[in-house]
$ cat data.cif   # mmCIF, C-alpha atoms
data_my_file
#
loop_
_atom_site.label_atom_id
_atom_site.label_comp_id
_atom_site.auth_asym_id
_atom_site.auth_seq_id
_atom_site.Cartn_x
_atom_site.Cartn_y
_atom_site.Cartn_z
CA MET A 78 17.54 -141.85 -119.16
CA LEU A 79 17.59 -140.19 -122.58
CA ARG A 80 20.20 -137.48 -123.18
CA VAL A 81 20.37 -135.54 -126.46
CA PRO A 82 23.24 -133.01 -126.79
CA ALA A 83 22.55 -129.39 -127.68
CA PRO A 84 23.02 -128.02 -131.21
CA PRO A 85 26.32 -126.13 -131.69
CA ASP A 86 24.81 -122.68 -131.11
CA ARG A 87 22.63 -123.53 -128.08
CA GLU A 88 23.56 -123.75 -124.40
CA ARG A 89 20.17 -124.23 -122.72
CA GLU A 90 19.70 -127.32 -120.56
CA ILE A 91 16.17 -128.74 -120.83
CA LEU A 92 14.80 -131.35 -118.42
CA LEU A 93 11.73 -133.05 -119.88
CA ILE A 94 9.45 -134.83 -117.40
CA TYR A 95 6.90 -137.05 -119.10
CA GLY A 96 3.37 -137.67 -117.88
CA HIS A 97 1.30 -140.62 -116.76
CA HIS A 98 1.22 -143.88 -118.72
CA ALA A 99 4.44 -143.21 -120.58
CA MET A 100 7.90 -144.31 -121.56
CA LEU A 101 10.85 -142.55 -123.17
CA GLU A 102 9.99 -143.72 -126.69
CA ARG A 103 6.51 -142.21 -126.55
CA TRP A 104 7.84 -138.64 -126.30
CA TRP A 105 10.73 -138.82 -128.77
CA GLY A 106 8.91 -136.48 -131.19
CA LEU A 107 8.65 -133.80 -128.50
CA VAL A 108 12.31 -134.27 -127.58
CA GLU A 109 13.25 -133.59 -131.21
CA ASN A 110 11.34 -130.30 -131.11
CA TYR A 111 12.89 -129.06 -127.87
CA ASN A 112 16.33 -130.21 -128.92
CA GLU A 113 16.35 -127.30 -131.41
CA TYR A 114 16.68 -125.03 -128.35
CA GLY A 115 19.18 -126.93 -126.21
CA ALA A 116 20.32 -130.20 -124.68
CA VAL A 117 17.38 -132.38 -123.65
CA THR A 118 17.48 -134.86 -120.77
CA MET A 119 14.49 -137.09 -120.09
CA PRO A 120 14.68 -139.59 -117.21
CA ASP A 121 12.27 -142.40 -116.52
CA LEU A 122 10.17 -142.09 -113.38
CA PRO A 123 10.17 -144.94 -110.83
CA GLY A 124 7.55 -147.48 -111.89
CA PHE A 125 7.27 -146.07 -115.42
CA GLY A 126 9.08 -146.86 -118.64
CA GLY A 127 10.43 -150.14 -117.26
CA MET A 128 12.20 -148.51 -114.30
CA ASP A 129 11.87 -150.30 -110.95
CA SER A 130 9.03 -148.96 -108.82
CA PHE A 131 9.25 -147.41 -105.36
CA TYR A 132 7.71 -150.62 -104.03
CA THR A 133 11.05 -152.40 -104.59
CA ILE A 134 12.62 -150.21 -101.89
CA GLY A 135 9.61 -150.36 -99.59
CA ARG A 136 8.33 -146.87 -100.34
CA ARG A 137 4.82 -145.90 -101.36
CA PRO A 138 4.79 -144.25 -104.82
CA ASP A 139 3.03 -141.07 -103.75
CA ILE A 140 3.57 -137.59 -105.16
CA ASP A 141 6.12 -136.72 -102.46
CA ALA A 142 8.23 -139.75 -103.37
CA PHE A 143 8.32 -138.67 -107.02
CA ALA A 144 9.15 -135.10 -105.96
CA ASP A 145 12.07 -136.31 -103.86
CA TYR A 146 13.33 -138.44 -106.75
CA LEU A 147 13.17 -135.49 -109.15
CA ALA A 148 14.95 -133.18 -106.71
CA ALA A 149 17.76 -135.72 -106.29
CA PHE A 150 18.04 -136.08 -110.07
CA ILE A 151 18.33 -132.31 -110.60
CA LYS A 152 20.95 -131.95 -107.88
CA MET A 153 23.00 -134.74 -109.44
CA GLN A 154 22.55 -133.84 -113.11
CA TYR A 155 22.72 -130.03 -112.93
CA ARG A 156 25.24 -129.31 -110.19
CA ARG A 157 26.42 -125.94 -111.52
CA LYS A 158 23.89 -125.32 -114.28
CA GLN A 159 20.58 -123.59 -114.77
CA VAL A 160 17.80 -125.80 -116.13
CA THR A 161 14.56 -125.29 -118.03
CA ILE A 162 11.94 -127.74 -116.78
CA VAL A 163 9.37 -128.90 -119.33
CA SER A 164 6.77 -131.17 -117.73
CA ILE A 165 3.78 -132.94 -119.24
CA SER A 166 0.46 -133.41 -117.43
CA PHE A 167 1.20 -135.62 -114.38
CA GLY A 168 4.89 -134.74 -114.77
CA PHE A 169 4.00 -131.12 -114.06
CA LEU A 170 2.32 -132.21 -110.84
CA VAL A 171 5.59 -133.87 -109.82
CA ALA A 172 7.70 -130.85 -110.81
CA THR A 173 5.44 -128.48 -108.90
CA ARG A 174 5.51 -130.57 -105.73
CA MET A 175 9.30 -130.85 -106.06
CA LEU A 176 9.70 -127.05 -106.08
CA GLN A 177 7.31 -126.74 -103.16
CA ARG A 178 9.29 -129.26 -101.10
CA TYR A 179 12.69 -127.92 -102.20
CA PRO A 180 12.25 -124.15 -102.68
CA GLU A 181 16.04 -123.70 -102.77
CA LEU A 182 16.01 -125.35 -106.21
CA THR A 183 14.02 -122.49 -107.74
CA LYS A 184 17.26 -120.56 -108.16
CA LYS A 185 18.48 -123.32 -110.51
CA VAL A 186 15.35 -123.15 -112.67
CA GLN A 187 15.67 -120.82 -115.65
CA MET A 188 11.99 -121.31 -116.50
CA ILE A 189 9.28 -123.92 -115.96
CA VAL A 190 6.94 -124.98 -118.74
CA SER A 191 3.70 -126.88 -118.25
CA ILE A 192 2.36 -128.92 -121.15
CA VAL A 193 -1.31 -129.63 -120.37
CA GLY A 194 -0.40 -129.71 -116.68
CA PHE A 195 -2.80 -129.47 -113.74
CA MET A 196 -2.81 -128.56 -110.05
CA HIS A 197 -5.97 -129.72 -108.31
CA LYS A 198 -8.63 -132.44 -108.34
CA ASP A 199 -11.21 -129.84 -109.36
CA ASP A 200 -9.33 -129.22 -112.62
CA PHE A 201 -10.89 -132.38 -114.08
CA VAL A 202 -14.02 -132.03 -116.19
CA TYR A 203 -15.57 -135.22 -114.80
CA THR A 204 -19.01 -135.17 -113.24
CA PRO A 205 -19.15 -135.81 -109.46
CA ALA A 206 -20.49 -139.32 -110.03
CA ARG A 207 -17.72 -140.19 -112.47
CA ARG A 208 -15.04 -138.79 -110.14
CA ILE A 209 -16.27 -141.01 -107.32
CA ALA A 210 -16.39 -144.05 -109.60
CA TYR A 211 -12.85 -143.42 -110.89
CA ARG A 212 -11.52 -142.95 -107.36
CA TYR A 213 -12.95 -146.23 -106.10
CA MET A 214 -11.85 -148.09 -109.23
CA SER A 215 -8.28 -146.75 -109.15
CA ARG A 216 -7.90 -147.48 -105.43
CA PHE A 217 -9.10 -151.06 -105.92
CA CYS A 218 -6.84 -151.61 -108.93
CA ALA A 219 -3.87 -150.35 -106.86
CA THR A 220 -4.20 -153.28 -104.44
CA ARG A 221 -1.66 -156.05 -104.91
CA PRO A 222 -4.14 -158.83 -105.88
CA ALA A 223 -5.98 -156.64 -108.37
CA SER A 224 -2.79 -155.28 -109.93
CA LEU A 225 -1.38 -158.80 -110.39
CA PHE A 226 -4.58 -159.94 -112.06
CA ILE A 227 -4.54 -156.90 -114.37
CA ARG A 228 -0.89 -157.38 -115.27
CA TYR A 229 -1.04 -161.05 -116.17
CA CYS A 230 -4.63 -161.48 -117.38
CA CYS A 231 -5.71 -158.18 -118.89
CA LEU A 232 -2.75 -156.50 -120.56
CA ASN A 233 -3.08 -157.98 -124.02
CA LYS A 234 -4.15 -156.42 -127.29
CA LEU A 235 -7.70 -157.82 -127.22
CA VAL A 236 -8.52 -156.40 -123.78
CA VAL A 237 -6.78 -153.06 -124.31
CA LYS A 238 -8.43 -152.56 -127.69
CA THR A 239 -11.86 -153.45 -126.29
CA LEU A 240 -11.56 -151.07 -123.35
CA THR A 241 -10.31 -148.31 -125.62
CA SER A 242 -13.41 -148.69 -127.77
CA LEU A 243 -15.71 -148.55 -124.71
CA VAL A 244 -14.26 -145.76 -122.56
CA PRO A 245 -15.16 -142.31 -123.99
CA HIS A 246 -12.04 -140.49 -122.77
CA SER A 247 -9.79 -143.27 -124.08
CA LYS A 248 -11.34 -143.02 -127.53
CA ARG A 249 -10.52 -139.30 -127.64
CA ARG A 250 -6.83 -140.12 -127.33
CA PHE A 251 -6.98 -141.81 -130.74
CA ILE A 252 -9.03 -139.15 -132.50
CA GLU A 253 -6.16 -138.18 -134.81
CA VAL A 254 -5.08 -141.77 -135.61
CA SER A 255 -5.97 -143.22 -139.01
CA LYS A 256 -7.45 -146.69 -139.34
CA GLU A 257 -4.18 -147.93 -140.81
CA GLU A 258 -2.27 -146.76 -137.75
CA PHE A 259 -4.73 -148.05 -135.17
CA ASP A 260 -3.48 -151.66 -134.93
CA TYR A 261 0.14 -150.55 -134.62
CA THR A 262 -0.94 -147.99 -132.04
CA MET A 263 -2.65 -150.72 -130.02
CA ASP A 264 0.56 -152.78 -130.04
CA PHE A 265 2.46 -149.81 -128.63
CA GLU A 266 -0.32 -149.09 -126.13
CA VAL A 267 -0.04 -152.65 -124.80
CA ARG A 268 3.74 -152.26 -124.64
CA ILE A 269 3.40 -149.15 -122.45
CA TRP A 270 0.95 -150.91 -120.14
CA GLN A 271 3.28 -153.89 -119.79
CA VAL A 272 6.50 -151.98 -119.04
CA ASN A 273 4.82 -149.72 -116.47
CA ASP A 274 4.25 -150.99 -112.94
CA VAL A 275 0.49 -151.57 -112.61
CA ARG A 276 0.26 -150.74 -108.90
CA THR A 277 2.17 -147.50 -109.43
CA HIS A 278 -0.08 -146.57 -112.34
CA TRP A 279 -3.27 -146.99 -110.36
CA LEU A 280 -2.05 -145.54 -107.06
CA THR A 281 -0.82 -142.39 -108.80
CA THR A 282 -4.16 -142.22 -110.62
CA TYR A 283 -5.98 -142.40 -107.30
CA GLU A 284 -3.73 -139.74 -105.83
CA PHE A 285 -4.08 -137.17 -108.58
CA LEU A 286 -7.86 -137.64 -108.58
CA ASN A 287 -7.69 -136.39 -104.97
CA ILE A 288 -4.81 -133.91 -105.31
CA ASP A 289 -4.56 -130.37 -103.96
CA ASN A 290 -1.24 -128.93 -105.07
CA CYS A 291 -2.15 -125.31 -104.26
CA THR A 292 -0.94 -125.18 -100.66
CA LYS A 293 2.46 -123.51 -101.16
CA GLN A 294 3.63 -120.76 -103.49
CA ILE A 295 6.54 -120.98 -105.95
CA ALA A 296 8.58 -117.87 -106.77
CA LEU A 297 8.58 -118.46 -110.52
CA PRO A 298 6.29 -117.61 -113.44
CA ILE A 299 4.60 -120.50 -115.22
CA TYR A 300 4.53 -120.91 -119.01
CA HIS A 301 1.49 -123.08 -119.62
CA VAL A 302 0.53 -124.84 -122.86
CA ILE A 303 -3.15 -125.79 -122.98
CA SER A 304 -4.83 -128.17 -125.39
CA GLU A 305 -7.57 -126.39 -127.32
CA GLN A 306 -9.89 -129.39 -126.94
CA ASP A 307 -8.60 -130.98 -123.74
CA HIS A 308 -10.90 -133.83 -122.70
CA TYR A 309 -9.50 -134.03 -119.16
CA PHE A 310 -9.18 -130.50 -117.78
CA ASN A 311 -11.09 -127.24 -117.52
CA ASN A 312 -8.41 -124.81 -118.67
CA GLU A 313 -9.88 -121.80 -116.87
CA ILE A 314 -9.96 -123.58 -113.52
CA VAL A 315 -6.39 -124.80 -114.10
CA LYS A 316 -5.37 -121.17 -114.68
CA GLN A 317 -6.99 -120.07 -111.41
CA HIS A 318 -5.13 -122.74 -109.46
CA MET A 319 -1.81 -121.92 -111.14
CA LEU A 320 -2.20 -118.26 -110.21
CA VAL A 321 -2.56 -119.31 -106.57
CA VAL A 322 0.89 -120.95 -106.68
CA PHE A 323 3.01 -119.17 -109.30
CA LYS A 324 3.91 -115.48 -109.34
CA ASP A 325 2.83 -115.01 -112.97
CA TYR A 326 1.00 -116.96 -115.67
CA HIS A 327 1.58 -117.13 -119.43
CA ARG A 328 -0.71 -119.24 -121.60
CA TYR A 329 -0.14 -120.72 -125.07
CA VAL A 330 -2.74 -122.67 -127.04
CA ALA A 331 -1.99 -126.02 -128.70
CA ARG A 332 -4.38 -126.62 -131.60
CA SER A 333 -4.90 -130.21 -130.56
CA LYS A 334 -8.08 -132.30 -130.78
CA ALA A 335 -7.23 -134.21 -127.60
CA HIS A 336 -5.24 -133.89 -124.37
CA THR A 337 -2.05 -134.89 -126.20
CA PRO A 338 -1.30 -136.21 -129.70
CA SER A 339 -1.20 -139.90 -130.55
CA ILE A 340 1.33 -142.03 -128.68
CA LEU A 341 2.99 -142.61 -132.05
CA ALA A 342 3.22 -138.92 -132.93
CA ASP A 343 6.42 -137.93 -134.70
CA LYS A 344 8.26 -134.60 -134.56
CA LYS A 345 5.80 -132.89 -136.91
CA ALA A 346 2.73 -134.09 -135.01
CA MET A 347 4.26 -133.21 -131.63
CA ARG A 348 4.96 -129.67 -132.85
CA VAL A 349 1.40 -128.82 -131.84
CA LEU A 350 2.53 -128.92 -128.19
CA PHE A 351 5.18 -126.30 -128.95
CA PRO A 352 3.19 -123.18 -129.95
CA PRO A 353 4.97 -120.27 -131.70
CA GLY A 354 4.59 -117.97 -128.68
CA LEU A 355 6.52 -120.39 -126.48
CA GLN A 356 9.16 -120.80 -129.18
CA ARG A 357 9.71 -117.02 -129.16
CA VAL A 358 10.15 -117.03 -125.37
CA LEU A 359 12.80 -119.75 -125.60
CA ASN A 360 14.60 -117.84 -128.32
CA LYS A 361 14.74 -114.67 -126.20
CA SER A 362 15.68 -116.08 -122.81
#

$ encode --input "data.cif" --output "structure tokens"
Amino acid sequence: MLRVPAPPDREREILLIYGHHAMLERWWGLVENYNEYGAVTMPDLPGFGGMDSFYTIGRRPDIDAFADYLAAFIKMQYRRKQVTIVSISFGFLVATRMLQRYPELTKKVQMIVSIVGFMHKDDFVYTPARRIAYRYMSRFCATRPASLFIRYCCLNKLVVKTLTSLVPHSKRRFIEVSKEEFDYTMDFEVRIWQVNDVRTHWLTTYEFLNIDNCTKQIALPIYHVISEQDHYFNNEIVKQHMLVVFKDYHRYVARSKAHTPSILADKKAMRVLFPPGLQRVLNKS
């Protein structure tokens, strides 16, 4: 868990939930930005960032398991405090399911922010054929034999770099990375793959490719940051699904050329995910 104290003149408590394929170090630049507005706490998720997976306690790492974990964390960490939840992509899926399963926790939430979050399998821009292919691939990779083979035979710089150069959506993630940074970026990319539990990675991938998180309403407004050139989601469809669940919707545009900035993005580069309109809201509330 990462905990950064608030500046002297700020009292807001911010809980930052990172997305898929992540670790604490990847999002340090975003933490620095939000720390200007309050204390920032960012926990690892089971199976990510080197944390033990749910498999070690005999539980399947589905979205409900992550929601239960997050609810327990909030109850423990913010006993008598209000909290602002900032959640990134898959992390927003977890935060949403948590509030749906534990509606009593909404009274503890000062506001909830989505950074390129999503709600439903239809939010993805993939063609039907590609969706089917990704579902079958992710389900196969989530099996124990396949995940062991991937972990010990495939997670090296040569393989990761080759796949990145072949998969269109992977290449978009490095669109803002210079040639000089690319090799170092690949080293960090391999590091993330190696510290994350492979079975958890692929099972959660399979689940969110089939997700419908629009079955229960949440009595809060949503403050949603979209990527201007998101290569994963249709922002208008995401908006429609969010309006099904949340009582109001506020959108802010990140002038980003991809879903999120480079995994090595510093505070300045991560500022793109913190648009001025959202900054004004945090200053007022």

$ residues_around --input "data.cif" --residues "segment 219-235 of chain A" --least-positions-apart "4" --cutoff "8 Å" --atoms "only C-alpha atoms" --output "VMD selection string"
chain A and resid 215 239 263 to 264 267 270 to 271 275 to 280

$ resolve_selection --input "data.cif" --expression "the PyMOL selection byres ((chain A and resi 324-340) around 6)" --output "PyMOL selection string"
chain A and resi 103+250+296-308+323+341-342+349-350

$ write_last_selection --input "data.cif" --atoms "C-alpha atoms" --output "PDB file, keeping the file's coordinate frame"
ATOM      1  CA  ARG A 103       6.510-142.210-126.550  1.00  0.00           C
ATOM      2  CA  ARG A 250      -6.830-140.120-127.330  1.00  0.00           C
ATOM      3  CA  ALA A 296       8.580-117.870-106.770  1.00  0.00           C
ATOM      4  CA  LEU A 297       8.580-118.460-110.520  1.00  0.00           C
ATOM      5  CA  PRO A 298       6.290-117.610-113.440  1.00  0.00           C
ATOM      6  CA  ILE A 299       4.600-120.500-115.220  1.00  0.00           C
ATOM      7  CA  TYR A 300       4.530-120.910-119.010  1.00  0.00           C
ATOM      8  CA  HIS A 301       1.490-123.080-119.620  1.00  0.00           C
ATOM      9  CA  VAL A 302       0.530-124.840-122.860  1.00  0.00           C
ATOM     10  CA  ILE A 303      -3.150-125.790-122.980  1.00  0.00           C
ATOM     11  CA  SER A 304      -4.830-128.170-125.390  1.00  0.00           C
ATOM     12  CA  GLU A 305      -7.570-126.390-127.320  1.00  0.00           C
ATOM     13  CA  GLN A 306      -9.890-129.390-126.940  1.00  0.00           C
ATOM     14  CA  ASP A 307      -8.600-130.980-123.740  1.00  0.00           C
ATOM     15  CA  HIS A 308     -10.900-133.830-122.700  1.00  0.00           C
ATOM     16  CA  PHE A 323       3.010-119.170-109.300  1.00  0.00           C
ATOM     17  CA  LEU A 341       2.990-142.610-132.050  1.00  0.00           C
ATOM     18  CA  ALA A 342       3.220-138.920-132.930  1.00  0.00           C
ATOM     19  CA  VAL A 349       1.400-128.820-131.840  1.00  0.00           C
ATOM     20  CA  LEU A 350       2.530-128.920-128.190  1.00  0.00           C
TER      21      LEU A 350
END

$ closest_residue --input "data.cif" --among "A:Ile192, A:Leu286, A:Leu240, A:Met153" --to "Arg212 of chain A" --atoms "only C-alpha atoms"
A:Leu286

$ closest_residue --input "data.cif" --among "A:Lys158, A:Lys316, A:His197, A:Arg137" --to "Arg89 of chain A" --atoms "all atoms listed in the file"
A:Lys158

$ residues_around --input "data.cif" --residues "Leu176 of chain A" --least-positions-apart "4" --cutoff "12 Å" --atoms "all atoms listed in the file" --output "number ranges by chain"
A: 141, 143-149, 151, 162, 169-172, 180-186, 189, 290, 293-297, 322-323

$ write_last_selection --input "data.cif" --atoms "C-alpha atoms" --output "CSV table (one decimal), in the frame of the given file"
chain,number,residue,atom,x,y,z
A,141,ASP,CA,6.1,-136.7,-102.5
A,143,PHE,CA,8.3,-138.7,-107.0
A,144,ALA,CA,9.2,-135.1,-106.0
A,145,ASP,CA,12.1,-136.3,-103.9
A,146,TYR,CA,13.3,-138.4,-106.8
A,147,LEU,CA,13.2,-135.5,-109.2
A,148,ALA,CA,15.0,-133.2,-106.7
A,149,ALA,CA,17.8,-135.7,-106.3
A,151,ILE,CA,18.3,-132.3,-110.6
A,162,ILE,CA,11.9,-127.7,-116.8
A,169,PHE,CA,4.0,-131.1,-114.1
A,170,LEU,CA,2.3,-132.2,-110.8
A,171,VAL,CA,5.6,-133.9,-109.8
A,172,ALA,CA,7.7,-130.8,-110.8
A,180,PRO,CA,12.2,-124.2,-102.7
A,181,GLU,CA,16.0,-123.7,-102.8
A,182,LEU,CA,16.0,-125.4,-106.2
A,183,THR,CA,14.0,-122.5,-107.7
A,184,LYS,CA,17.3,-120.6,-108.2
A,185,LYS,CA,18.5,-123.3,-110.5
A,186,VAL,CA,15.4,-123.2,-112.7
A,189,ILE,CA,9.3,-123.9,-116.0
A,290,ASN,CA,-1.2,-128.9,-105.1
A,293,LYS,CA,2.5,-123.5,-101.2
A,294,GLN,CA,3.6,-120.8,-103.5
A,295,ILE,CA,6.5,-121.0,-106.0
A,296,ALA,CA,8.6,-117.9,-106.8
A,297,LEU,CA,8.6,-118.5,-110.5
A,322,VAL,CA,0.9,-121.0,-106.7
A,323,PHE,CA,3.0,-119.2,-109.3

$ closest_residue --input "data.cif" --among "A:Tyr283, A:Arg178, A:Leu359, A:Thr241" --to "Ile209 of chain A" --atoms "all atoms listed in the file"
A:Tyr283

$ closest_residue --input "data.cif" --among "A:Val163, A:Val315, A:Met196, A:Met188" --to "Asn287 of chain A" --atoms "all atoms listed in the file"
A:Met196

$ atom_distance --input "data.cif" --atom1 "atom CA of Pro120 of chain A" --atom2 "atom CA of Arg174 of chain A"
17.2 Å

$ resolve_selection --input "data.cif" --expression "the PyMOL selection byres ((chain A and resi 200) around 7)" --output "number ranges by chain"
A: 195, 197-199, 201-202, 310-311, 314-315

$ atom_distance --input "data.cif" --atom1 "atom CA of Phe167 of chain A" --atom2 "atom CA of Arg357 of chain A"
25.2 Å

$ residues_around --input "data.cif" --residues "Ile94 of chain A" --least-positions-apart "6" --cutoff "7 Å" --atoms "only C-alpha atoms" --output "MDAnalysis selection string"
chainID A and resid 119 163:165 168

$ residues_near_point --input "data.cif" --point "(16.0, -133.4, -122.7)" --cutoff "6 Å" --atoms "all atoms listed in the file" --output "CSV table (one decimal) with C-alpha atoms, in the frame of the given file"
chain,number,residue,atom,x,y,z
A,80,ARG,CA,20.2,-137.5,-123.2
A,91,ILE,CA,16.2,-128.7,-120.8
A,92,LEU,CA,14.8,-131.4,-118.4
A,93,LEU,CA,11.7,-133.0,-119.9
A,116,ALA,CA,20.3,-130.2,-124.7
A,117,VAL,CA,17.4,-132.4,-123.6
A,118,THR,CA,17.5,-134.9,-120.8
A,119,MET,CA,14.5,-137.1,-120.1

$ closest_residue --input "data.cif" --among "A:Val190, A:Ser166, A:Tyr95, A:Ser130" --to "Gln356 of chain A" --atoms "all atoms listed in the file"
A:Val190

$ residues_around --input "data.cif" --residues "Gly126 of chain A" --least-positions-apart "2" --cutoff "6 Å" --atoms "all atoms listed in the file" --output "PyMOL selection string"
chain A and resi 100+121+128+272-273

$ closest_residue --input "data.cif" --among "A:His98, A:Asn110, A:Tyr132, A:Thr161" --to "Pro353 of chain A" --atoms "only C-alpha atoms"
A:Asn110

$ axis_aligned_box --input "data.cif" --around "segment 186-200 of chain A" --padding-each-side "6 Å" --output "JSON"
{"center_x": 2.2, "center_y": -126.6, "center_z": -114.7, "size_x": 38.9, "size_y": 23.6, "size_z": 24.8}

$ build_atoms --input "data.cif" --residues "segment 203-228 of chain A" --atoms "N, CA and C atoms" --output "CSV table (one decimal), in the coordinates of the input"
chain,number,residue,atom,x,y,z
A,203,TYR,N,-14.7,-134.1,-115.1
A,203,TYR,CA,-15.6,-135.2,-114.8
A,203,TYR,C,-16.7,-134.7,-113.9
A,204,THR,N,-17.9,-135.4,-114.1
A,204,THR,CA,-19.0,-135.2,-113.2
A,204,THR,C,-18.7,-135.7,-111.9
A,205,PRO,N,-19.4,-135.3,-110.8
A,205,PRO,CA,-19.2,-135.8,-109.5
A,205,PRO,C,-19.3,-137.3,-109.4
A,206,ALA,N,-20.3,-137.9,-110.1
A,206,ALA,CA,-20.5,-139.3,-110.0
A,206,ALA,C,-19.3,-140.1,-110.7
A,207,ARG,N,-18.8,-139.5,-111.8
A,207,ARG,CA,-17.7,-140.2,-112.5
A,207,ARG,C,-16.4,-140.1,-111.6
A,208,ARG,N,-16.2,-138.9,-111.0
A,208,ARG,CA,-15.0,-138.8,-110.1
A,208,ARG,C,-15.0,-139.8,-109.0
A,209,ILE,N,-16.2,-140.0,-108.4
A,209,ILE,CA,-16.3,-141.0,-107.3
A,209,ILE,C,-16.0,-142.4,-107.9
A,210,ALA,N,-16.6,-142.7,-109.0
A,210,ALA,CA,-16.4,-144.0,-109.6
A,210,ALA,C,-14.9,-144.3,-109.9
A,211,TYR,N,-14.3,-143.3,-110.5
A,211,TYR,CA,-12.8,-143.4,-110.9
A,211,TYR,C,-12.0,-143.6,-109.6
A,212,ARG,N,-12.3,-142.8,-108.6
A,212,ARG,CA,-11.5,-143.0,-107.4
A,212,ARG,C,-11.6,-144.3,-106.8
A,213,TYR,N,-12.8,-144.9,-106.7
A,213,TYR,CA,-13.0,-146.2,-106.1
A,213,TYR,C,-12.3,-147.3,-107.0
A,214,MET,N,-12.4,-147.1,-108.3
A,214,MET,CA,-11.8,-148.1,-109.2
A,214,MET,C,-10.3,-148.1,-109.2
A,215,SER,N,-9.7,-146.8,-109.2
A,215,SER,CA,-8.3,-146.8,-109.2
A,215,SER,C,-7.7,-147.3,-107.8
A,216,ARG,N,-8.4,-147.0,-106.7
A,216,ARG,CA,-7.9,-147.5,-105.4
A,216,ARG,C,-8.0,-149.0,-105.4
A,217,PHE,N,-9.0,-149.6,-105.9
A,217,PHE,CA,-9.1,-151.1,-105.9
A,217,PHE,C,-8.0,-151.7,-106.8
A,218,CYS,N,-7.8,-151.1,-108.0
A,218,CYS,CA,-6.8,-151.6,-108.9
A,218,CYS,C,-5.4,-151.5,-108.4
A,219,ALA,N,-5.2,-150.5,-107.4
A,219,ALA,CA,-3.9,-150.4,-106.9
A,219,ALA,C,-3.5,-151.4,-105.8
A,220,THR,N,-4.5,-152.2,-105.4
A,220,THR,CA,-4.2,-153.3,-104.4
A,220,THR,C,-3.3,-154.3,-105.1
A,221,ARG,N,-2.6,-155.1,-104.3
A,221,ARG,CA,-1.7,-156.0,-104.9
A,221,ARG,C,-2.4,-157.2,-105.7
A,222,PRO,N,-3.4,-157.8,-105.1
A,222,PRO,CA,-4.1,-158.8,-105.9
A,222,PRO,C,-4.7,-158.3,-107.2
A,223,ALA,N,-5.4,-157.2,-107.1
A,223,ALA,CA,-6.0,-156.6,-108.4
A,223,ALA,C,-4.9,-156.3,-109.4
A,224,SER,N,-3.8,-155.7,-109.0
A,224,SER,CA,-2.8,-155.3,-109.9
A,224,SER,C,-2.1,-156.5,-110.6
A,225,LEU,N,-1.9,-157.6,-109.8
A,225,LEU,CA,-1.4,-158.8,-110.4
A,225,LEU,C,-2.3,-159.4,-111.4
A,226,PHE,N,-3.6,-159.4,-111.1
A,226,PHE,CA,-4.6,-159.9,-112.1
A,226,PHE,C,-4.6,-159.1,-113.3
A,227,ILE,N,-4.5,-157.8,-113.2
A,227,ILE,CA,-4.5,-156.9,-114.4
A,227,ILE,C,-3.3,-157.2,-115.2
A,228,ARG,N,-2.1,-157.2,-114.5
A,228,ARG,CA,-0.9,-157.4,-115.3
A,228,ARG,C,-0.8,-158.7,-116.1
